[in-house]
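Structure file data-v7.cif (mmCIF, C-alpha atoms) is printed below.
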```cif
data_my_file
loop_
_atom_site.label_atom_id
_atom_site.label_comp_id
_atom_site.auth_asym_id
_atom_site.auth_seq_id
_atom_site.Cartn_x
_atom_site.Cartn_y
_atom_site.Cartn_z
CA MET L 1 -25.70 -27.20 -14.29
CA SER L 2 -24.99 -23.51 -14.89
CA ARG L 3 -21.45 -22.44 -15.65
CA ARG L 4 -19.61 -21.08 -12.62
CA ILE L 5 -18.79 -17.39 -12.76
CA GLN L 6 -15.11 -16.74 -12.09
CA SER L 7 -13.43 -13.59 -10.84
CA ILE L 8 -11.99 -11.24 -13.48
CA ARG L 9 -8.43 -12.09 -14.48
CA GLY L 10 -5.98 -10.15 -12.34
CA MET L 11 -8.63 -9.21 -9.76
CA HIS L 12 -8.34 -11.55 -6.79
CA ASP L 13 -10.36 -12.45 -3.75
CA ILE L 14 -8.32 -11.85 -0.60
CA LEU L 15 -9.08 -14.70 1.80
CA PRO L 16 -8.17 -15.37 5.42
CA PRO L 17 -5.48 -15.31 6.65
CA ASP L 18 -4.21 -12.90 3.94
CA SER L 19 -7.17 -10.58 4.53
CA GLY L 20 -6.06 -10.25 8.13
CA VAL L 21 -2.46 -9.63 7.08
CA LEU L 22 -3.63 -6.86 4.72
CA ARG L 23 -5.79 -5.24 7.39
CA ASN L 24 -3.00 -5.31 9.97
CA LEU L 25 -0.56 -3.93 7.38
CA GLU L 26 -2.94 -1.05 6.64
CA GLN L 27 -3.41 -0.33 10.34
CA THR L 28 0.35 -0.32 10.96
CA LEU L 29 0.98 2.13 8.11
CA GLN L 30 -1.96 4.32 9.14
CA ALA L 31 -0.61 4.53 12.70
CA VAL L 32 2.70 5.93 11.38
CA LEU L 33 0.86 8.42 9.13
CA GLN L 34 -1.13 9.63 12.13
CA GLN L 35 2.06 9.87 14.18
CA PHE L 36 3.44 12.31 11.58
CA GLY L 37 0.22 14.38 11.53
CA TYR L 38 -1.26 13.22 8.19
CA GLN L 39 -5.06 13.21 7.84
CA GLU L 40 -7.12 10.78 5.80
CA ILE L 41 -8.93 11.80 2.63
CA ARG L 42 -11.33 9.32 0.98
CA LEU L 43 -11.40 9.60 -2.79
CA PRO L 44 -13.88 8.18 -5.34
CA VAL L 45 -12.91 5.11 -7.32
CA LEU L 46 -14.26 6.67 -10.56
CA GLU L 47 -13.01 9.92 -12.06
CA HIS L 48 -13.43 11.75 -15.36
CA THR L 49 -10.92 10.31 -17.82
CA GLU L 50 -9.64 13.79 -18.63
CA LEU L 51 -8.17 14.04 -15.12
CA PHE L 52 -5.65 11.30 -15.85
CA HIS L 53 -4.96 12.40 -19.43
CA ARG L 54 -4.02 15.87 -18.17
CA SER L 55 -2.06 14.73 -15.13
CA LEU L 56 -0.24 11.56 -16.22
CA GLY L 57 0.63 12.63 -19.76
CA GLU L 58 -0.56 11.21 -23.05
CA VAL L 59 2.66 9.26 -23.70
CA THR L 60 2.72 7.02 -20.62
CA ASP L 61 2.02 3.32 -20.29
CA ILE L 62 -0.90 4.01 -17.97
CA VAL L 63 -2.76 6.30 -20.38
CA GLU L 64 -1.78 4.46 -23.55
CA LYS L 65 -2.44 0.88 -22.42
CA GLU L 66 -3.56 0.37 -18.85
CA MET L 67 -6.60 2.47 -17.92
CA TYR L 68 -10.05 0.96 -17.44
CA THR L 69 -12.09 3.56 -19.31
CA PHE L 70 -15.72 3.50 -20.41
CA GLU L 71 -18.63 5.73 -21.32
CA ASP L 72 -21.50 5.76 -18.83
CA ARG L 73 -25.25 6.13 -19.55
CA ASN L 74 -24.97 9.92 -19.61
CA GLY L 75 -22.21 9.81 -22.20
CA ASP L 76 -19.50 10.83 -19.72
CA ASN L 77 -16.07 9.29 -20.24
CA LEU L 78 -15.02 7.76 -16.92
CA THR L 79 -11.97 5.84 -15.67
CA LEU L 80 -11.35 3.55 -12.69
CA ARG L 81 -8.55 5.34 -10.83
CA PRO L 82 -5.10 4.00 -11.82
CA GLU L 83 -3.33 6.10 -9.13
CA GLY L 84 -4.23 8.53 -6.34
CA THR L 85 -2.20 11.72 -6.72
CA ALA L 86 -4.30 13.25 -9.50
CA SER L 87 -7.52 12.53 -7.58
CA CYS L 88 -6.05 14.08 -4.43
CA VAL L 89 -5.10 17.27 -6.31
CA ARG L 90 -8.53 17.39 -7.95
CA ALA L 91 -10.20 17.07 -4.53
CA GLY L 92 -7.91 19.71 -3.03
CA LEU L 93 -8.86 22.19 -5.76
CA GLN L 94 -12.55 21.32 -5.76
CA GLN L 95 -12.98 21.32 -1.97
CA GLY L 96 -10.79 24.34 -1.18
CA LEU L 97 -8.11 22.44 0.72
CA LEU L 98 -5.21 24.27 -0.95
CA TYR L 99 -3.77 27.79 -0.86
CA GLY L 100 -2.80 29.68 2.25
CA GLN L 101 -2.37 26.49 4.24
CA ALA L 102 -0.09 23.48 4.34
CA ALA L 103 -1.94 20.19 3.96
CA ARG L 104 -0.72 16.69 4.84
CA LEU L 105 -3.10 14.04 3.53
CA TRP L 106 -3.16 10.28 3.06
CA TYR L 107 -5.48 7.88 1.22
CA GLY L 108 -5.76 4.17 0.59
CA GLY L 109 -7.80 1.51 -1.15
CA PRO L 110 -8.03 -0.33 -4.47
CA PHE L 111 -6.63 0.97 -7.76
CA PHE L 112 -6.94 -0.43 -11.28
CA ARG L 113 -4.62 -0.96 -14.24
CA HIS L 114 -5.10 -3.29 -17.20
CA GLU L 115 -1.67 -4.92 -17.11
CA ARG L 116 -0.51 -8.47 -17.70
CA PRO L 117 -1.17 -10.10 -14.31
CA GLN L 118 1.86 -11.51 -12.52
CA LYS L 119 3.09 -11.86 -8.96
CA GLY L 120 3.16 -8.42 -7.37
CA ARG L 121 1.32 -6.78 -10.28
CA TYR L 122 -2.44 -7.13 -10.43
CA ARG L 123 -5.26 -5.42 -12.29
CA GLN L 124 -6.92 -4.53 -9.01
CA PHE L 125 -4.29 -3.72 -6.41
CA HIS L 126 -4.09 -1.81 -3.13
CA GLN L 127 -2.05 1.25 -2.27
CA ILE L 128 -1.57 3.72 0.53
CA GLY L 129 -0.38 7.16 -0.51
CA ALA L 130 0.57 10.40 1.21
CA GLU L 131 0.42 13.86 -0.38
CA THR L 132 1.57 17.26 0.93
CA PHE L 133 0.69 20.71 -0.41
CA GLY L 134 2.01 24.21 0.18
CA LEU L 135 5.58 23.32 1.23
CA THR L 136 8.47 24.16 -1.07
CA GLY L 137 11.66 23.12 0.70
CA PRO L 138 13.61 19.87 0.79
CA ASP L 139 12.49 19.42 4.41
CA ILE L 140 9.08 18.05 3.39
CA ASP L 141 10.75 15.73 0.85
CA ALA L 142 12.96 14.45 3.67
CA GLU L 143 9.96 14.06 5.98
CA LEU L 144 8.19 11.83 3.46
CA ILE L 145 11.27 9.63 3.14
CA ILE L 146 11.83 9.53 6.91
CA MET L 147 8.19 8.58 7.42
CA CYS L 148 8.65 5.67 5.00
CA GLN L 149 11.63 4.47 7.00
CA HIS L 150 9.50 4.52 10.17
CA MET L 151 6.99 2.34 8.33
CA TRP L 152 9.64 -0.19 7.32
CA GLN L 153 10.84 -0.28 10.94
CA ALA L 154 7.27 -0.86 12.18
CA LEU L 155 6.91 -3.72 9.68
CA ALA L 156 10.35 -5.17 10.56
CA ILE L 157 11.47 -5.13 6.88
CA LEU L 158 13.95 -2.22 7.01
CA PRO L 159 17.13 -4.25 6.40
CA ARG L 160 15.68 -5.61 3.14
CA VAL L 161 14.69 -2.20 1.72
CA SER L 162 17.02 0.35 0.10
CA LEU L 163 16.46 3.95 -0.99
CA GLU L 164 17.28 5.47 -4.39
CA ILE L 165 16.98 9.22 -5.03
CA ASN L 166 17.41 11.60 -7.95
CA SER L 167 16.40 15.09 -9.04
CA LEU L 168 14.51 15.83 -12.24
CA GLY L 169 15.00 19.59 -11.94
CA THR L 170 12.63 22.09 -13.52
CA VAL L 171 10.85 21.82 -16.87
CA GLN L 172 13.51 24.08 -18.41
CA ALA L 173 16.35 21.89 -17.10
CA ARG L 174 14.65 18.79 -18.46
CA GLN L 175 14.26 20.43 -21.87
CA ARG L 176 18.04 20.97 -22.04
CA TYR L 177 18.61 17.41 -20.90
CA ARG L 178 16.06 16.12 -23.39
CA VAL L 179 18.11 17.45 -26.33
CA ALA L 180 21.27 15.76 -25.03
CA LEU L 181 19.44 12.50 -24.34
CA ILE L 182 17.90 12.33 -27.82
CA ASP L 183 21.32 12.95 -29.41
CA TYR L 184 22.74 10.08 -27.34
CA LEU L 185 19.89 7.59 -27.89
CA GLN L 186 19.73 8.18 -31.63
CA GLN L 187 23.07 6.37 -31.89
CA TYR L 188 21.33 3.21 -30.65
CA GLU L 189 17.99 3.58 -32.40
CA ASP L 190 18.29 0.13 -33.96
CA ALA L 191 18.32 -1.41 -30.45
CA LEU L 192 15.02 0.27 -29.51
CA ASN L 193 11.71 -1.54 -29.88
CA ASP L 194 8.74 0.10 -31.60
CA SER L 195 7.37 1.61 -28.39
CA GLU L 196 10.77 3.05 -27.44
CA LYS L 197 11.30 4.46 -30.92
CA GLN L 198 7.93 6.20 -30.65
CA ARG L 199 8.98 7.76 -27.34
CA LEU L 200 12.42 8.82 -28.54
CA HIS L 201 11.23 12.19 -29.88
CA VAL L 202 8.13 12.57 -27.68
CA ASN L 203 9.23 11.56 -24.18
CA PRO L 204 12.80 10.20 -24.29
CA MET L 205 13.23 10.19 -20.50
CA ARG L 206 10.68 7.39 -20.33
CA ILE L 207 13.18 5.18 -22.16
CA LEU L 208 15.43 5.42 -19.08
CA ASP L 209 12.61 3.72 -17.17
CA SER L 210 12.59 0.79 -19.62
CA LYS L 211 12.77 -2.74 -18.20
CA ASN L 212 14.18 -4.05 -21.49
CA PRO L 213 17.35 -5.96 -20.44
CA GLU L 214 18.95 -5.36 -23.85
CA LEU L 215 19.01 -1.62 -23.10
CA ALA L 216 20.62 -1.93 -19.66
CA ASP L 217 24.14 -1.00 -20.81
CA ILE L 218 22.88 1.76 -23.12
CA ILE L 219 20.82 3.30 -20.32
CA GLY L 220 23.71 2.90 -17.89
CA ASP L 221 25.97 5.03 -20.13
CA ALA L 222 23.32 7.66 -20.89
CA PRO L 223 23.97 11.31 -19.91
CA SER L 224 23.12 12.12 -16.28
CA LEU L 225 20.27 14.55 -15.68
CA ILE L 226 21.99 15.83 -12.52
CA LYS L 227 24.62 17.54 -14.71
CA TYR L 228 21.85 19.58 -16.36
CA LEU L 229 20.10 20.75 -13.19
CA ASP L 230 19.30 24.43 -12.75
CA PRO L 231 20.93 26.08 -9.68
CA GLU L 232 17.72 26.09 -7.63
CA SER L 233 17.09 22.36 -8.18
CA ALA L 234 20.73 21.52 -7.47
CA GLU L 235 20.56 23.45 -4.18
CA HIS L 236 17.28 21.72 -3.31
CA PHE L 237 18.84 18.31 -3.96
CA GLU L 238 21.89 19.13 -1.82
CA GLY L 239 19.54 20.21 0.96
CA LEU L 240 17.65 16.92 0.76
CA LYS L 241 20.87 14.90 0.93
CA ALA L 242 22.04 16.87 3.97
CA LEU L 243 18.75 16.21 5.79
CA LEU L 244 18.86 12.50 4.99
CA ASP L 245 22.47 12.32 6.15
CA ALA L 246 21.54 14.04 9.40
CA ALA L 247 18.71 11.54 9.91
CA GLY L 248 21.07 8.61 9.34
CA ILE L 249 19.18 7.37 6.27
CA GLU L 250 21.27 5.52 3.73
CA TYR L 251 20.56 6.18 0.05
CA ARG L 252 21.97 5.72 -3.42
CA ILE L 253 21.83 8.42 -6.07
CA ASN L 254 20.38 6.83 -9.21
CA PRO L 255 20.91 9.34 -12.05
CA HIS L 256 18.51 7.42 -14.31
CA LEU L 257 15.61 7.32 -11.87
CA VAL L 258 12.88 9.26 -13.69
CA ARG L 259 9.56 7.74 -12.50
CA GLY L 260 6.89 6.80 -15.02
CA LEU L 261 4.57 9.82 -14.71
CA ASP L 262 4.98 13.22 -16.35
CA TYR L 263 4.05 15.37 -13.35
CA TYR L 264 7.22 14.86 -11.28
CA SER L 265 9.82 17.64 -10.80
CA LYS L 266 12.92 18.04 -8.62
CA THR L 267 13.05 15.24 -6.03
CA VAL L 268 12.10 11.69 -7.00
CA PHE L 269 12.72 8.59 -4.91
CA GLU L 270 12.05 4.86 -4.81
CA TRP L 271 12.28 2.28 -2.04
CA VAL L 272 13.34 -0.99 -3.63
CA VAL L 273 13.70 -4.61 -2.49
CA PRO L 274 16.17 -6.43 -4.79
CA GLU L 275 14.85 -9.88 -3.82
CA LEU L 276 11.50 -9.06 -5.48
CA GLU L 277 13.34 -8.82 -8.83
CA THR L 278 11.05 -7.37 -11.54
CA GLN L 279 8.61 -5.99 -8.94
CA ALA L 280 11.36 -4.57 -6.74
CA THR L 281 9.85 -1.12 -6.16
CA ILE L 282 7.50 -1.13 -3.17
CA CYS L 283 7.18 2.64 -2.71
CA ALA L 284 7.85 5.61 -4.99
CA GLY L 285 7.28 9.33 -4.93
CA GLY L 286 8.69 12.81 -5.23
CA ARG L 287 7.75 16.41 -5.93
CA TYR L 288 5.14 17.48 -8.48
CA ASP L 289 5.11 21.26 -8.16
CA GLY L 290 3.49 21.80 -11.56
CA LEU L 291 0.53 19.43 -11.23
CA VAL L 292 -1.87 21.78 -9.40
CA GLU L 293 -1.50 24.36 -12.16
CA GLN L 294 -1.72 21.60 -14.78
CA LEU L 295 -5.16 20.67 -13.39
CA GLY L 296 -6.53 24.21 -13.45
CA GLY L 297 -5.29 25.77 -10.21
CA LYS L 298 -2.74 28.42 -9.41
CA PRO L 299 0.88 27.23 -9.06
CA TYR L 300 1.27 25.40 -5.77
CA PRO L 301 4.07 23.16 -4.45
CA ALA L 302 3.32 19.51 -3.75
CA ALA L 303 5.08 16.25 -2.93
CA GLY L 304 4.04 12.72 -2.01
CA PHE L 305 4.44 8.98 -2.42
CA ALA L 306 2.44 5.79 -2.91
CA MET L 307 3.24 2.23 -1.85
CA GLY L 308 1.96 -1.09 -3.18
CA LEU L 309 0.52 -3.20 -0.39
CA GLU L 310 0.57 -6.54 -2.22
CA ARG L 311 4.31 -6.19 -2.77
CA ILE L 312 4.88 -5.30 0.88
CA MET L 313 2.78 -8.30 1.94
CA ALA L 314 5.22 -10.54 0.07
CA LEU L 315 7.93 -9.40 2.50
CA LEU L 316 6.06 -9.82 5.77
CA GLU L 317 6.31 -12.65 8.22
CA LYS L 318 2.75 -13.80 7.74
CA THR L 319 2.55 -15.40 11.19
CA ARG L 320 3.41 -12.10 12.89
CA PHE L 321 1.01 -10.09 10.76
CA SER L 322 -1.79 -12.64 10.45
CA ASP L 323 -5.26 -11.97 11.74
CA MET L 324 -5.75 -11.65 15.48
CA GLU L 325 -6.08 -14.83 17.49
CA ILE L 326 -9.36 -15.76 19.15
CA ASP L 327 -9.10 -15.44 22.94
CA ALA L 328 -11.67 -18.06 23.84
CA TYR L 329 -13.87 -20.66 22.11
CA LEU L 330 -16.98 -21.81 23.98
CA VAL L 331 -17.58 -25.55 23.66
CA VAL L 332 -21.29 -26.04 24.43
CA VAL L 333 -22.70 -29.56 24.75
CA GLY L 334 -26.50 -29.88 24.89
CA GLU L 335 -29.37 -27.47 24.24
CA GLN L 336 -29.23 -25.88 27.70
CA ALA L 337 -25.50 -25.34 27.32
CA VAL L 338 -26.01 -23.50 24.01
CA GLU L 339 -28.36 -21.01 25.65
CA ALA L 340 -26.09 -20.56 28.66
CA GLY L 341 -23.02 -20.28 26.41
CA MET L 342 -24.56 -17.44 24.40
CA GLU L 343 -25.34 -15.62 27.63
CA ILE L 344 -21.79 -16.11 28.99
CA ALA L 345 -20.20 -14.93 25.73
CA ASN L 346 -22.31 -11.76 25.69
CA GLN L 347 -21.43 -11.01 29.30
CA LEU L 348 -17.73 -11.42 28.55
CA ARG L 349 -17.87 -9.18 25.47
CA ASN L 350 -19.82 -6.50 27.37
CA GLN L 351 -17.31 -6.52 30.22
CA ALA L 352 -14.23 -6.41 27.97
CA SER L 353 -14.72 -4.99 24.46
CA SER L 354 -11.22 -6.16 23.40
CA LEU L 355 -12.03 -9.79 24.24
CA SER L 356 -12.73 -12.06 21.26
CA VAL L 357 -15.07 -14.96 22.03
CA VAL L 358 -16.52 -17.51 19.62
CA VAL L 359 -19.45 -19.74 20.60
CA ASN L 360 -19.67 -23.10 18.87
CA CYS L 361 -22.65 -23.24 16.50
CA GLY L 362 -23.99 -26.21 14.61
CA GLY L 363 -23.80 -28.76 17.43
CA GLY L 364 -21.35 -31.63 17.46
CA SER L 365 -19.76 -33.88 20.05
CA ILE L 366 -17.28 -32.46 22.53
CA LYS L 367 -14.47 -34.04 20.47
CA THR L 368 -15.71 -32.37 17.28
CA GLN L 369 -16.10 -29.02 19.01
CA MET L 370 -12.61 -29.22 20.49
CA LYS L 371 -11.22 -29.74 16.98
CA ARG L 372 -13.07 -26.62 15.86
CA ALA L 373 -11.71 -24.70 18.84
CA ASP L 374 -8.15 -25.70 18.01
CA LYS L 375 -8.61 -24.83 14.32
CA SER L 376 -9.94 -21.39 15.26
CA ASN L 377 -6.54 -20.47 16.74
CA ALA L 378 -8.21 -19.75 20.07
CA LYS L 379 -5.97 -19.60 23.13
CA LEU L 380 -8.50 -21.28 25.39
CA ALA L 381 -11.52 -23.53 25.14
CA ILE L 382 -14.24 -22.78 27.71
CA ILE L 383 -16.23 -25.97 28.20
CA LEU L 384 -19.87 -25.90 29.20
CA ALA L 385 -21.60 -29.29 29.41
CA GLU L 386 -24.02 -31.11 31.75
CA ASP L 387 -21.64 -31.28 34.76
CA GLU L 388 -20.64 -27.61 34.44
CA LEU L 389 -24.27 -26.49 34.16
CA ARG L 390 -25.17 -28.47 37.29
CA ASP L 391 -22.23 -27.12 39.32
CA ASP L 392 -22.31 -23.57 37.93
CA THR L 393 -18.72 -23.96 36.71
CA VAL L 394 -16.83 -23.94 33.41
CA GLY L 395 -13.96 -26.07 32.18
CA ILE L 396 -10.78 -24.38 30.93
CA LYS L 397 -8.76 -26.21 28.30
CA TYR L 398 -5.43 -24.63 27.31
CA LEU L 399 -4.97 -24.90 23.55
CA ARG L 400 -1.57 -23.21 23.20
CA ASP L 401 0.04 -23.96 26.58
CA LYS L 402 1.04 -27.28 28.09
CA ARG L 403 -1.11 -27.02 31.21
CA GLU L 404 -3.64 -29.31 32.80
CA GLN L 405 -7.32 -28.66 32.19
CA GLU L 406 -8.99 -26.77 35.04
CA THR L 407 -12.50 -26.25 36.35
CA ILE L 408 -13.39 -22.86 37.87
CA PRO L 409 -16.59 -21.24 39.21
CA ARG L 410 -18.48 -19.52 36.44
CA ILE L 411 -18.66 -16.30 38.48
CA ASN L 412 -14.83 -16.08 38.42
CA LEU L 413 -14.50 -16.49 34.65
CA MET L 414 -14.00 -12.80 33.75
CA SER L 415 -11.33 -12.20 36.40
CA TYR L 416 -9.63 -15.47 35.40
CA LEU L 417 -9.50 -14.42 31.73
CA ASN L 418 -8.21 -10.95 32.65
CA GLU L 419 -5.35 -12.49 34.58
CA TYR L 420 -4.50 -15.15 32.00
CA LEU L 421 -4.81 -12.95 28.91
CA GLY L 422 -3.48 -9.80 30.50
CA THR L 423 -6.51 -7.79 29.36
#
```
Can you present the structure in this file as structure tokens?
Amino acid sequence: MSRRIQSIRGMHDILPPDSGVLRNLEQTLQAVLQQFGYQEIRLPVLEHTELFHRSLGEVTDIVEKEMYTFEDRNGDNLTLRPEGTASCVRAGLQQGLLYGQAARLWYGGPFFRHERPQKGRYRQFHQIGAETFGLTGPDIDAELIIMCQHMWQALAILPRVSLEINSLGTVQARQRYRVALIDYLQQYEDALNDSEKQRLHVNPMRILDSKNPELADIIGDAPSLIKYLDPESAEHFEGLKALLDAAGIEYRINPHLVRGLDYYSKTVFEWVVPELETQATICAGGRYDGLVEQLGGKPYPAAGFAMGLERIMALLEKTRFSDMEIDAYLVVVGEQAVEAGMEIANQLRNQASSLSVVVNCGGGSIKTQMKRADKSNAKLAIILAEDELRDDTVGIKYLRDKREQETIPRINLMSYLNEYLGT
């Protein structure tokens, strides 16, 4: 016997009912994005590796350790997308979506990072992201955060989610802060691991993002970037806080929130769920005003966020977000009943496109078929056997309600279903 081929480690099949939960989650989030006027952009899964080297920074975990990169048959160096912002900026520049116009875009789908697989962190994972271009003020930052809150309300998880915000200021402000941070961290160099020591003089702010528990107190006492903000960034941050206060959104200022990517500036934010522990961040974003220029365009303001769908799924009431129920399951006993059942099902679907009807296939006794009907999560079983064929009727068996089985004329079936299901 040949050896079975298994899925790649960290890349999972999504089976029912989780596939239905994921689809309904995506649809719920997309409905909120549409409500706020964001339009979908579909991005390729493969990009030139240079795109991520230039956008994410050479000294980041993603570029150093996590990208799936390979050389194709033409000798091009390609990478499976580890995130969506860089691709969205690339598309905006290439397709002429930027400059002279404000753009509100969203995207979704699978992304790829070669990390150690664990709950809430997979090598193939799903995100939905939103990106805005051409808007400089704190109002668009606030809109992105407010839109997230609408999403949490739609998903009924708002009480479990909290917001953290910070400002990274301009490049010049961060340079001043960088000097102060290096001076501080050098006192504790012996406590740093090899990776952190390497970053100390290259990208010390990334140490603030460390998950090393032994550094928690050191990071907690580190200088605050907010004290080094330039006047423009400080005013921007005050404006954001005022807008969030006016909207009634609670937040905590986290002075050590830096995000893991080099392209952020001014506002950064994270929505966190403490109960998820090490994978507590379910959504993160901020401004990246320098990224368009970094990727070859003229300077152009931008802001956005991305959220991890697998982590959000861990918070959902699966029963409420599971796949849709089947309205009716046709139990067909005998060859003539199979033919008639197919005809009835097609008529029902044609008359009501929202109606979901499953016809039993593969034969079986009425007892066997009723078990299948119940397992399908159908609300009703429509029974078609010898007596019903003779009398031009159908039997109605209630699978979720405690009601007696009924027999009704076949001609009345559609109106009966409309009344019972409220379609």
If you count only C-alpha atoms, the residue of L:Ser356, L:Leu43, L:Gln351, L:Arg390 closest to Gln336 of chain L turns out to be L:Arg390
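The closest residue to Ser210 of chain L, picked from L:Ile408, L:Cys283, L:Met370, L:Val258 and counting all atoms listed in the file, is L:Val258.
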Using the chain letters and residue numbers of this document, give as a ChimeraX atom specification the residues selected by the PyMOL selection byres ((chain L and resi 41) around 12). /L:38-40,42-44,84-85,87-92,95,97,103-109,128-132
For Glu50 of chain L, the nearest of the candidates L:Asn412, L:Asn77, L:Thr28, L:Ser167, counting all atoms listed in the file: L:Asn77
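Using only C-alpha atoms, the nearest neighbour of Gly220 of chain L within the list L:Arg410, L:Lys241, L:His256, L:Arg287 is L:His256.
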Selection dump of the PyMOL selection byres ((chain L and resi 149) around 12), as a PDB file with C-alpha atoms, in the coordinates of the input:
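What landed in result_5.pdb:
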```pdb
ATOM      1  CA  LEU L  29       0.980   2.130   8.110  1.00  0.00           C
ATOM      2  CA  VAL L  32       2.700   5.930  11.380  1.00  0.00           C
ATOM      3  CA  LEU L  33       0.860   8.420   9.130  1.00  0.00           C
ATOM      4  CA  ALA L 142      12.960  14.450   3.670  1.00  0.00           C
ATOM      5  CA  GLU L 143       9.960  14.060   5.980  1.00  0.00           C
ATOM      6  CA  LEU L 144       8.190  11.830   3.460  1.00  0.00           C
ATOM      7  CA  ILE L 145      11.270   9.630   3.140  1.00  0.00           C
ATOM      8  CA  ILE L 146      11.830   9.530   6.910  1.00  0.00           C
ATOM      9  CA  MET L 147       8.190   8.580   7.420  1.00  0.00           C
ATOM     10  CA  CYS L 148       8.650   5.670   5.000  1.00  0.00           C
ATOM     11  CA  HIS L 150       9.500   4.520  10.170  1.00  0.00           C
ATOM     12  CA  MET L 151       6.990   2.340   8.330  1.00  0.00           C
ATOM     13  CA  TRP L 152       9.640  -0.190   7.320  1.00  0.00           C
ATOM     14  CA  GLN L 153      10.840  -0.280  10.940  1.00  0.00           C
ATOM     15  CA  ALA L 154       7.270  -0.860  12.180  1.00  0.00           C
ATOM     16  CA  LEU L 155       6.910  -3.720   9.680  1.00  0.00           C
ATOM     17  CA  ALA L 156      10.350  -5.170  10.560  1.00  0.00           C
ATOM     18  CA  ILE L 157      11.470  -5.130   6.880  1.00  0.00           C
ATOM     19  CA  LEU L 158      13.950  -2.220   7.010  1.00  0.00           C
ATOM     20  CA  PRO L 159      17.130  -4.250   6.400  1.00  0.00           C
ATOM     21  CA  ARG L 160      15.680  -5.610   3.140  1.00  0.00           C
ATOM     22  CA  VAL L 161      14.690  -2.200   1.720  1.00  0.00           C
ATOM     23  CA  SER L 162      17.020   0.350   0.100  1.00  0.00           C
ATOM     24  CA  LEU L 163      16.460   3.950  -0.990  1.00  0.00           C
ATOM     25  CA  LEU L 244      18.860  12.500   4.990  1.00  0.00           C
ATOM     26  CA  ALA L 247      18.710  11.540   9.910  1.00  0.00           C
ATOM     27  CA  GLY L 248      21.070   8.610   9.340  1.00  0.00           C
ATOM     28  CA  ILE L 249      19.180   7.370   6.270  1.00  0.00           C
ATOM     29  CA  GLU L 250      21.270   5.520   3.730  1.00  0.00           C
ATOM     30  CA  TYR L 251      20.560   6.180   0.050  1.00  0.00           C
ATOM     31  CA  GLU L 270      12.050   4.860  -4.810  1.00  0.00           C
ATOM     32  CA  TRP L 271      12.280   2.280  -2.040  1.00  0.00           C
ATOM     33  CA  CYS L 283       7.180   2.640  -2.710  1.00  0.00           C
TER      34      CYS L 283
END
```
Using the chain letters and numbers from this file, what does the PyMOL selection byres ((chain L and resi 354) around 12) select? Give the answer as a PyMOL selection string. chain L and resi 324-328+348-353+355-357+417-418+421-423
Because the input lacks atoms here, generate N, CA, C and O atoms for segment 115-123 of chain L and report them as a short mmCIF file (atom, residue, chain, number, x, y, z; two decimals), in the frame of the given file.
```cif
data_model
loop_
_atom_site.label_atom_id
_atom_site.label_comp_id
_atom_site.auth_asym_id
_atom_site.auth_seq_id
_atom_site.Cartn_x
_atom_site.Cartn_y
_atom_site.Cartn_z
N GLU L 115 -3.00 -4.42 -16.80
CA GLU L 115 -1.67 -4.92 -17.11
C GLU L 115 -1.71 -6.44 -17.23
O GLU L 115 -2.70 -7.08 -16.87
N ARG L 116 -0.60 -7.01 -17.68
CA ARG L 116 -0.51 -8.47 -17.70
C ARG L 116 -0.31 -8.95 -16.27
O ARG L 116 0.69 -8.64 -15.64
N PRO L 117 -1.27 -9.70 -15.72
CA PRO L 117 -1.17 -10.10 -14.31
C PRO L 117 0.05 -10.98 -14.06
O PRO L 117 0.36 -11.87 -14.84
N GLN L 118 0.74 -10.70 -12.98
CA GLN L 118 1.86 -11.51 -12.52
C GLN L 118 2.03 -11.25 -11.04
O GLN L 118 1.39 -10.36 -10.48
N LYS L 119 2.89 -12.02 -10.39
CA LYS L 119 3.09 -11.86 -8.96
C LYS L 119 3.54 -10.44 -8.65
O LYS L 119 4.51 -9.95 -9.21
N GLY L 120 2.82 -9.78 -7.75
CA GLY L 120 3.16 -8.42 -7.37
C GLY L 120 2.61 -7.35 -8.28
O GLY L 120 2.79 -6.16 -8.04
N ARG L 121 1.91 -7.75 -9.34
CA ARG L 121 1.32 -6.78 -10.28
C ARG L 121 -0.04 -7.30 -10.69
O ARG L 121 -0.15 -8.26 -11.46
N TYR L 122 -1.08 -6.66 -10.18
CA TYR L 122 -2.44 -7.13 -10.43
C TYR L 122 -3.27 -6.02 -11.07
O TYR L 122 -2.91 -4.84 -11.02
N ARG L 123 -4.41 -6.41 -11.63
CA ARG L 123 -5.26 -5.42 -12.29
C ARG L 123 -6.09 -4.64 -11.27
O ARG L 123 -6.46 -3.50 -11.53
#
```
